[in-house]
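First the structure, in the form of structure tokens, and then the observations on it.
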Amino acid sequence: MPRYIPDDVLDQIRLRADIIDVVQSYVPTLKKAGLTWKACCPFHHEKTPSFTVNPDRQIFKCFGCGKGGDVFKFVMELENLDFTSAAEHLAHKYGIIIPETPARRGGARRESFDGEIEYGTRERLCTLHEKLAAFYRRFLLEHPDGPVAAYFRTRGIPNDVADKFCIGASPDSWDAAIQFAHKEGFVDSELRDSGIVSSKDENQSHIYDRFRNRLMFPIWNESGRIVGFSARSVEADPQGWKYVNTPDSPIFHKGRLLYALNFARTAIPKAGAVVLCEGQLDAIAMHRAGVTHAVAPQGTAFTADQATILKRYTSTAVLATDNDNAGREAVFKDAAILLPLGFNVKVVRYPGAKDADETLSKFGADALAGAVESATDFFEFALDNAMSRVDPSTPAGRAAAANDVIYWMVQLENEVTREFYYDWLAKQLNVPLSSIEKVAERRLVEGARHSAVNVRRDAGAMPPPKPRNTALENAVFELLVLILDEEKYAREAAEELPADSLGDSVPGRAAEALLQGAMNGEWDSAPSSILTSLEMEGADVSKLVEAMDLAAAHRAEREANRDPSSMPADNENEQAQTPAPPSCPAADPYSCEKYFRNTYNSCLQRILTEFYKGERAAKIEQARSVQPDDPAYAALVKEIAGISKLLLDLPKKYKVVI
Ligand SMILES: [Zn+2]
């Protein structure tokens with residue numbers, strides 16, 4: 001795979017983008033715990049933290065779902081980016097300039113390889129959106145007499161707010177945006193990729209502006225780049241869609257975007273909750289009222305992906321849906337996603353108004369903020385809703401209502417919380433707790449727990465398994481842990497292992513590169529650059545991360561066991577002052593060294609056995625195709641005998657002493 005970012009730039013990014021800093025910006029709950037940092041995993045749902053970040057190795061690893069890697073991998077996973085985009089994203093964030101290369105200049109998609117979005121395209125598409133957003137904003141300001149401006153005024157949004165949310169107007173034209181983008185140096189393929197144009201013919205030769213004569217809301221991604229638009233019709237009774245949105249594009253995935261999250265991301269942990277609005281205008285109304293922890297799902301329905309994103313910030317969701325039947329339905333749909341993920345759910349009610357926007361315009365900011373502040377607990381809401389449909393004076397009516405509410409309670413992931421609510425419900429309905437529990441028990445047994453628990457993102461098809469040499473892989477993995485920990489063994493192995501003996505598994509390739517590094521005096525920096533280059537290829541690096549983690553743990557244990565009086569004052573001179581310090585579970589230097597030597601010998605013996613067996617099989621295969629009277633045949637037989645002898649000698653050469 002082509003590499004578009006020079007290695008030295010990658011090194012710079014790795015140095016500047018400290019993994020703790022980067023992870024914390026997405027996972028504010030990340031806390032120091034001894035030598036590593038811990039949090040609940042942002043990639044899978046869990047109650048107790050098994051996600052760790054190691055600042056020394058600059059790697060993260062989750063012991064729950066197995067995801068792991070370096071800072072690039074973290075951004076790739078979280079932002080759903082390919083390697084180059086993730087690197088670019090970090091470069092942007094940390095102010096590192098990636099030099100222009102011929103492949104980048106012009107920004108047009110290069111057709112050199114399939115489906116891969118070329119480095120720079122993503123950046124170009126974001127820039128295109130940002131320029132267009134400014135263009136639409138200017139157009140709104142400069143055309144106060146136009147139909148969009150007239151409609152916009154009816155919304156009563158003050159100018160500073162419109163500035164912040166960059167609300168604009170698209171001209172009533174088929175090509176105003178195209179003309180503008182061309183003038184800014186963008187080419188048609190970029191306009192097509194970005195989704196800002198439409199086309200009627202199949203090969204998209206004739207394109208026209210997708211957004212015409214509409215009120216424009218730019219959509220930011222989590223890290224504050226504009227990646228799409230939501231465009232509202234200004235006609236009272238629009239013939240087409242009321243809203244036209246950017247279609248999914250390389251930078252726009254509507255199921256994963258939350259409107260205003262870029263503005264709300266610091267306010268959410270502070271407020272200890274996120275307010276989930278129905279649409280952009282409600283979210284804007286909330287922010288106007290000082291409720292700056294409000295967001296809105298993009299497009300129509302709230303998704304489990306979006307809930308998983310929010311879970312990184314908070315465990316309390318305040319649903320601010322419209323005060324009508326559709327709004328009530330939305331509350332239950334959202335709750336079905338949120339409750340199994342461990343969210344504490346509340347519901348905002350708007351007395352005397354239909355939604356947030358109307359509450360703000362009718363009663364003012366304090367009233368809206370107050371409505372959020374006094375949001376009802378979801379189960380109270382569910383009970384009210386159920387009671388409104390039955391006759392609460394009869395036992396049958398109350399039982400039906402209880403049944404309804406219990407349906408939701410069993411979706412709570414936490415047993416203690418469930419018990420709490422059963423008790424609450426029993427008191428509310430004045431029925432024995434045991435009867436509530438009996439219904440709940442049945443519900444649970446029926447498997448009524450909602451399938452929304454399952455929010456694994458990576459459920460995609462796995463590549464077909466290929467035959468693996470597990471004996472070799474296990475030995476290589478053990479060796480990798482050892483040579484990550486001890487340079488001396490890396491150098492030794494580099495001398496003794498033939499090329500290609502480590503196989504092409506990820507640990508094998510990592511070990512190979514590490515041996516190379518040890519020979520070139522780059523043993524220290526080799527692991528991080530190997531990790532990065534494997535990630536760049538899209539390889540599964542979990543085994544490498546696991547090995548790095550084991551080696552780091554081993555090292556930490558050794559540090560802890562070492563006699564403090566012999567500890568060098570300056571950590572950086574450690575290597576020079578203490579040659580080959582013992583580092584194994586035992587504190588005793590002799591048994592430590594023995595443990596290492598044994599590990600090394602065992603690994604080499606197994607790796608070389610596999611290697612020679614392979615060599616021998618190849619020679620035997622070769623000999624089969626040669627006539628016995630051919631002189632080459634005798635030579636091959638001799639070689640085969642030689643390999644057999646080597647194989648026999650291995651246990652002696654690499655003795656494991658017990
Ligand atoms: Zn995980």
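Ordering of the structure tokens sets the chain letters (A, B, ...); residue numbers start at 1 within each chain; ligands are numbered from 1 in the order shown.
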
Open item on the list: Please return as a PyMOL selection string the residues found within 10 Å of ligand 1, counting only C-alpha atoms and all ligand atoms.
Closed with: chain A and resi 39-46+49-52+61-68

Task: Exercise: region 18-35 of chain A partners within 10 Å, only C-alpha atoms, chain neighbours under 4 positions left out, as a PyMOL selection string - done: chain A and resi 13-14+39-42+49+51-60+70-72+74-75+78+90+93-94+222-223+265-266+269+309+311-314+552-553+556

Task: Spatial neighbours of Thr376 (chain A), 12 Å, only C-alpha atoms, chain gap at least 4 places, as a ChimeraX atom specification - done: /A:317-320,331,344-350,370-372,380-384

With all heavy atoms retained, could you export that selection as a tab-separated table (two decimals), in the first residue's frame?
chain	number	residue	atom	x	y	z
A	317	ALA	N	-29.07	10.51	29.92
A	317	ALA	CA	-29.61	11.12	28.71
A	317	ALA	C	-30.96	11.75	29.05
A	317	ALA	O	-31.82	11.11	29.63
A	317	ALA	CB	-29.79	10.07	27.63
A	318	VAL	N	-31.09	13.01	28.69
A	318	VAL	CA	-32.35	13.72	28.91
A	318	VAL	C	-33.02	13.87	27.55
A	318	VAL	O	-32.50	14.56	26.67
A	318	VAL	CB	-32.08	15.10	29.54
A	318	VAL	CG1	-33.39	15.83	29.81
A	318	VAL	CG2	-31.26	14.97	30.81
A	319	LEU	N	-34.14	13.19	27.36
A	319	LEU	CA	-34.81	13.21	26.07
A	319	LEU	C	-35.71	14.43	25.96
A	319	LEU	O	-36.59	14.64	26.79
A	319	LEU	CB	-35.63	11.93	25.88
A	319	LEU	CG	-34.84	10.63	26.02
A	319	LEU	CD1	-35.75	9.43	25.83
A	319	LEU	CD2	-33.69	10.60	25.01
A	320	ALA	N	-35.45	15.24	24.93
A	320	ALA	CA	-36.24	16.46	24.75
A	320	ALA	C	-36.98	16.37	23.42
A	320	ALA	O	-36.68	17.08	22.48
A	320	ALA	CB	-35.32	17.68	24.79
A	331	VAL	N	-39.63	8.86	22.42
A	331	VAL	CA	-39.06	8.63	23.76
A	331	VAL	C	-38.86	7.13	23.97
A	331	VAL	O	-37.79	6.69	24.40
A	331	VAL	CB	-39.98	9.21	24.86
A	331	VAL	CG1	-39.58	8.65	26.24
A	331	VAL	CG2	-39.91	10.73	24.87
A	344	ASN	N	-29.07	6.31	32.28
A	344	ASN	CA	-30.14	6.75	33.13
A	344	ASN	C	-30.93	7.74	32.26
A	344	ASN	O	-30.36	8.69	31.75
A	344	ASN	CB	-29.44	7.40	34.34
A	344	ASN	CG	-30.36	8.19	35.19
A	344	ASN	OD1	-31.56	7.98	35.18
A	344	ASN	ND2	-29.78	9.11	35.94
A	345	VAL	N	-32.22	7.46	32.04
A	345	VAL	CA	-32.98	8.24	31.05
A	345	VAL	C	-34.02	9.15	31.72
A	345	VAL	O	-34.72	8.73	32.64
A	345	VAL	CB	-33.68	7.31	30.03
A	345	VAL	CG1	-34.45	8.11	28.99
A	345	VAL	CG2	-32.66	6.40	29.36
A	346	LYS	N	-34.06	10.38	31.25
A	346	LYS	CA	-35.07	11.32	31.74
A	346	LYS	C	-35.81	11.91	30.55
A	346	LYS	O	-35.31	11.88	29.43
A	346	LYS	CB	-34.40	12.45	32.52
A	346	LYS	CG	-33.75	11.98	33.82
A	346	LYS	CD	-33.11	13.15	34.50
A	346	LYS	CE	-32.55	12.74	35.85
A	346	LYS	NZ	-31.96	13.89	36.52
A	347	VAL	N	-36.99	12.47	30.82
A	347	VAL	CA	-37.80	13.02	29.75
A	347	VAL	C	-38.21	14.45	30.10
A	347	VAL	O	-38.72	14.71	31.19
A	347	VAL	CB	-39.06	12.17	29.52
A	347	VAL	CG1	-39.86	12.70	28.34
A	347	VAL	CG2	-38.69	10.70	29.31
A	348	VAL	N	-37.97	15.37	29.14
A	348	VAL	CA	-38.36	16.77	29.35
A	348	VAL	C	-39.82	16.92	28.96
A	348	VAL	O	-40.26	16.38	27.95
A	348	VAL	CB	-37.51	17.71	28.47
A	348	VAL	CG1	-37.93	19.16	28.68
A	348	VAL	CG2	-36.03	17.55	28.78
A	349	ARG	N	-40.57	17.65	29.75
A	349	ARG	CA	-41.95	17.98	29.35
A	349	ARG	C	-42.04	19.48	29.18
A	349	ARG	O	-41.41	20.24	29.91
A	349	ARG	CB	-42.92	17.51	30.42
A	349	ARG	CG	-42.72	16.03	30.73
A	349	ARG	CD	-43.96	15.47	31.35
A	349	ARG	NE	-43.65	14.19	31.99
A	349	ARG	CZ	-44.58	13.37	32.43
A	349	ARG	NH1	-45.86	13.70	32.33
A	349	ARG	NH2	-44.25	12.24	33.00
A	350	TYR	N	-42.80	19.88	28.19
A	350	TYR	CA	-42.95	21.32	27.93
A	350	TYR	C	-44.38	21.73	28.22
A	350	TYR	O	-45.23	21.65	27.33
A	350	TYR	CB	-42.65	21.64	26.46
A	350	TYR	CG	-41.32	21.14	25.96
A	350	TYR	CD1	-41.26	20.06	25.09
A	350	TYR	CD2	-40.15	21.77	26.33
A	350	TYR	CE1	-40.05	19.61	24.60
A	350	TYR	CE2	-38.93	21.32	25.85
A	350	TYR	CZ	-38.89	20.25	24.99
A	350	TYR	OH	-37.69	19.80	24.51
A	370	GLY	N	-35.30	25.52	32.80
A	370	GLY	CA	-36.00	24.93	33.94
A	370	GLY	C	-36.68	23.62	33.57
A	370	GLY	O	-36.68	22.66	34.34
A	371	ALA	N	-37.25	23.57	32.35
A	371	ALA	CA	-37.91	22.35	31.89
A	371	ALA	C	-36.91	21.20	31.81
A	371	ALA	O	-37.22	20.07	32.16
A	371	ALA	CB	-38.57	22.59	30.54
A	372	VAL	N	-35.70	21.52	31.37
A	372	VAL	CA	-34.66	20.49	31.28
A	372	VAL	C	-34.24	20.06	32.69
A	372	VAL	O	-34.10	18.87	32.99
A	372	VAL	CB	-33.44	21.01	30.49
A	372	VAL	CG1	-32.27	20.03	30.58
A	372	VAL	CG2	-33.81	21.27	29.04
A	380	GLU	N	-41.20	7.14	35.43
A	380	GLU	CA	-42.36	7.92	35.84
A	380	GLU	C	-43.17	8.29	34.59
A	380	GLU	O	-44.39	8.20	34.57
A	380	GLU	CB	-41.85	9.19	36.54
A	380	GLU	CG	-42.72	9.67	37.66
A	380	GLU	CD	-42.06	10.85	38.34
A	380	GLU	OE1	-40.88	10.73	38.75
A	380	GLU	OE2	-42.72	11.90	38.45
A	381	PHE	N	-42.44	8.70	33.58
A	381	PHE	CA	-43.06	9.04	32.30
A	381	PHE	C	-43.79	7.82	31.72
A	381	PHE	O	-44.93	7.91	31.27
A	381	PHE	CB	-41.96	9.52	31.35
A	381	PHE	CG	-42.42	9.80	29.94
A	381	PHE	CD1	-42.93	11.04	29.59
A	381	PHE	CD2	-42.32	8.81	28.96
A	381	PHE	CE1	-43.34	11.29	28.29
A	381	PHE	CE2	-42.73	9.05	27.65
A	381	PHE	CZ	-43.25	10.31	27.33
A	382	ALA	N	-43.13	6.67	31.76
A	382	ALA	CA	-43.71	5.45	31.21
A	382	ALA	C	-44.96	5.06	31.99
A	382	ALA	O	-45.97	4.62	31.42
A	382	ALA	CB	-42.68	4.32	31.24
A	383	LEU	N	-44.89	5.23	33.31
A	383	LEU	CA	-46.05	4.88	34.14
A	383	LEU	C	-47.23	5.81	33.85
A	383	LEU	O	-48.35	5.35	33.66
A	383	LEU	CB	-45.67	4.92	35.62
A	383	LEU	CG	-46.79	4.53	36.59
A	383	LEU	CD1	-47.27	3.11	36.34
A	383	LEU	CD2	-46.32	4.67	38.05
A	384	ASP	N	-46.95	7.11	33.79
A	384	ASP	CA	-48.00	8.08	33.45
A	384	ASP	C	-48.66	7.71	32.13
A	384	ASP	O	-49.88	7.72	31.98
A	384	ASP	CB	-47.42	9.49	33.31
A	384	ASP	CG	-47.15	10.10	34.67
A	384	ASP	OD1	-47.48	9.45	35.69
A	384	ASP	OD2	-46.61	11.21	34.71

Task: Point-to-point distance from CA of Ala618 (chain A) to CA of Leu515 (chain A), Å rounded to tenths - done: 25.8 Å

Open item on the list: Given only C-alpha atoms as the basis, pick out the residue of A:Ala510, A:Ala176, A:Leu191, A:Ala264 nearest to His293 (chain A).
Closed with: A:Ala264

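The gap separating CA of Thr359 (chain A) from CA of Met286 (chain A) is 9.9 Å, in Å to one decimal.
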
Task: Pick from A:Val541, A:Leu479, A:Ile643, A:Val234, whichever lies nearest to Asn598 (chain A) using only C-alpha atoms - done: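 Nearest candidate to Asn598 (chain A) out of A:Val541, A:Leu479, A:Ile643, A:Val234: A:Leu479.
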
- [ ] Find the distance between CA of Phe378 (chain A) and CA of Trp408 (chain A) and write it in Å to one decimal.
- [x] 9.4 Å

TODO: Go through region 270-340 of chain A and collect every residue that DSSP, computed from the backbone, puts in strand (DSSP E or B); the answer should be as a VMD selection string.
DONE: chain A and resid 274 to 277 294 to 297 316 to 320

TODO: Write down as a PyMOL selection string the residues belonging to region 338-566 of chain A that are assigned helix (DSSP H, G or I) by DSSP computed on the backbone.
DONE: chain A and resi 338-341+356-363+365-373+378-387+395-409+415-429+433-445+451-453+470-485+487-496+506-519+526-537+542-561+564-566

Open item on the list: Between A:Thr84, A:Asn601, A:Ser505, A:Asn469, which residue has the minimum interatomic distance to Ala493 (chain A), considering only C-alpha atoms?
Closed with: A:Asn601

Task: Residue contacts of Glu446 (chain A) (12 Å, only C-alpha atoms) excluding same-chain residues fewer than 5 positions away, as a VMD selection string - done: chain A and resid 407 410 439 to 441

Pull N, CA, C and O atoms from the residues just selected and write them as a short mmCIF file (atom, residue, chain, number, x, y, z; two decimals), in the first residue's frame.
data_model
loop_
_atom_site.label_atom_id
_atom_site.label_comp_id
_atom_site.auth_asym_id
_atom_site.auth_seq_id
_atom_site.Cartn_x
_atom_site.Cartn_y
_atom_site.Cartn_z
N TYR A 407 -42.00 -3.97 31.30
CA TYR A 407 -41.35 -4.24 30.01
C TYR A 407 -40.09 -3.39 29.87
O TYR A 407 -39.06 -3.84 29.37
N VAL A 410 -37.14 -4.19 32.76
CA VAL A 410 -36.25 -5.35 32.58
C VAL A 410 -35.14 -5.04 31.58
O VAL A 410 -34.17 -5.78 31.48
N VAL A 439 -43.67 -10.88 37.51
CA VAL A 439 -43.85 -10.48 36.11
C VAL A 439 -42.48 -10.21 35.47
O VAL A 439 -42.20 -10.64 34.34
N ALA A 440 -41.65 -9.50 36.22
CA ALA A 440 -40.33 -9.14 35.69
C ALA A 440 -39.52 -10.39 35.39
O ALA A 440 -38.86 -10.50 34.35
N GLU A 441 -39.59 -11.34 36.32
CA GLU A 441 -38.87 -12.59 36.16
C GLU A 441 -39.26 -13.26 34.85
O GLU A 441 -38.43 -13.69 34.06
#

TODO: Determine, counting only C-alpha atoms, which protein, DNA and RNA residues have an atom within 9 Å of an atom of Glu184 (chain A); residues of the same chain fewer than 5 positions away are not included. Present the result as a PyMOL selection string.
DONE: chain A and resi 128+131+179

Kindly export the residues of the current selection with N, CA, C and O atoms, as a CSV table (one decimal), in the first residue's frame.
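Ended up saving to result.csv:
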chain,number,residue,atom,x,y,z
A,128,LEU,N,-13.7,22.1,1.7
A,128,LEU,CA,-14.8,22.5,0.7
A,128,LEU,C,-16.1,22.8,1.5
A,128,LEU,O,-16.7,23.8,1.3
A,131,LYS,N,-15.7,26.1,3.4
A,131,LYS,CA,-15.8,27.3,2.6
A,131,LYS,C,-17.2,27.5,2.1
A,131,LYS,O,-17.7,28.7,2.1
A,179,GLN,N,-20.2,26.8,-9.1
A,179,GLN,CA,-19.4,27.9,-9.5
A,179,GLN,C,-18.4,28.4,-8.4
A,179,GLN,O,-17.2,28.6,-8.7

Taking 3 positions as the minimum chain separation for residues in the same chain, which residues sit within 8 Å of Leu514 (chain A) when counting only C-alpha atoms? Answer as a compact mmCIF listing (two decimals) with C-alpha atoms, in the first residue's frame.
# COMPACT_ATOMS: atom_id res chain seq x y z
CA ILE A 483 12.80 -9.24 22.71
CA LEU A 484 10.49 -6.31 23.38
CA ALA A 490 16.91 -9.29 20.26
CA ALA A 510 6.98 -7.33 14.22
CA ALA A 511 9.69 -9.60 15.64
CA GLY A 517 16.05 -2.51 14.78
CA ALA A 518 18.30 -4.15 17.36
CA TRP A 523 15.72 -1.19 19.30
CA ALA A 526 11.42 0.13 16.66
CA PRO A 527 8.21 -1.10 18.39
CA ILE A 530 6.45 -1.20 13.54

TODO: Point out the residue among A:Leu608, A:Arg210, A:Asp404, A:Ser625 with the least atom-to-atom distance to Leu648 (chain A), counting only C-alpha atoms.
DONE: A:Leu608
